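Working notes for the structure below.
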Amino acid sequence: MKNLQGVTYSDGSAAVNYTYDRLGRPDTTTTGTFARLVRTYEPSNLSLKTETTTYDTNGSGTFDAPDFTRTLTWQYDHARGWLHADSKWLQCPGGDGSVCV
């Protein structure tokens, strides 16, 4: 199966581009030169580990010296669902321990 590589809009909105790791999981999502989201995964169980979003709010066109970067660290507990740092547990529908998406 081929993964979506990008989306281009006809109204002038910034294009969105996607990259994937060897397992087909989303790796990087870039919106024009404004924002980039990079994901890392836990090697022991392949679950999402971190999501780092970098914003180029100074308009430099690069992510080398971003004005703002935010990283969320994720943890999954089969009984409670997903958790990110400084947050409450996000309950899965049904509370049965199924994977939340």
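By order of appearance in the structure tokens: chains A, B, ..., then residues from 1 within every chain, and ligands from 1 in the order shown.
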Contacts of range 28-32 of chain A within 7 Å, only C-alpha atoms, excl. fewer than 2 positions in-chain, as a list in words: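 Residues meeting the cut-off are Ala14, Ala15, Val16, Asn17, Tyr18, Thr19, Tyr20, Pro26, Phe34, Ala35, Arg36, Leu37, Val38 and Arg39 of chain A.
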Nearest to Gly24 in chain A among A:Thr54, A:Thr69, A:Gln5, A:Ser10, with distances taken over only C-alpha atoms: which residue is it?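 Looking at the shortest contact to Gly24 in chain A, the residue is A:Gln5.
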Asp56 in chain A: which residues within 9 Å, counting only C-alpha atoms, same-chain residues fewer than 4 positions away excluded, as a PDB file with C-alpha atoms, in the first residue's frame?
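Generated output (out08.pdb):
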```
ATOM      1  CA  THR A  33       7.506  26.462   5.727  1.00  0.00           C
ATOM      2  CA  PHE A  34       5.328  27.296   8.719  1.00  0.00           C
ATOM      3  CA  ALA A  35       5.136  24.086  10.769  1.00  0.00           C
ATOM      4  CA  ARG A  36       6.802  20.688  10.991  1.00  0.00           C
ATOM      5  CA  SER A  60      12.755  32.653   7.911  1.00  0.00           C
ATOM      6  CA  GLY A  61      11.554  29.763   5.750  1.00  0.00           C
ATOM      7  CA  THR A  62      13.572  27.187   7.694  1.00  0.00           C
ATOM      8  CA  PHE A  63      13.271  25.256  10.931  1.00  0.00           C
ATOM      9  CA  ASP A  64      16.913  25.883  11.918  1.00  0.00           C
ATOM     10  CA  ALA A  65      16.144  28.677  14.367  1.00  0.00           C
ATOM     11  CA  PRO A  66      12.446  28.248  15.174  1.00  0.00           C
ATOM     12  CA  ASP A  67      10.542  30.726  17.238  1.00  0.00           C
ATOM     13  CA  PHE A  68       8.597  27.989  19.000  1.00  0.00           C
ATOM     14  CA  THR A  69       8.960  24.224  19.518  1.00  0.00           C
TER      15      THR A  69
END
```
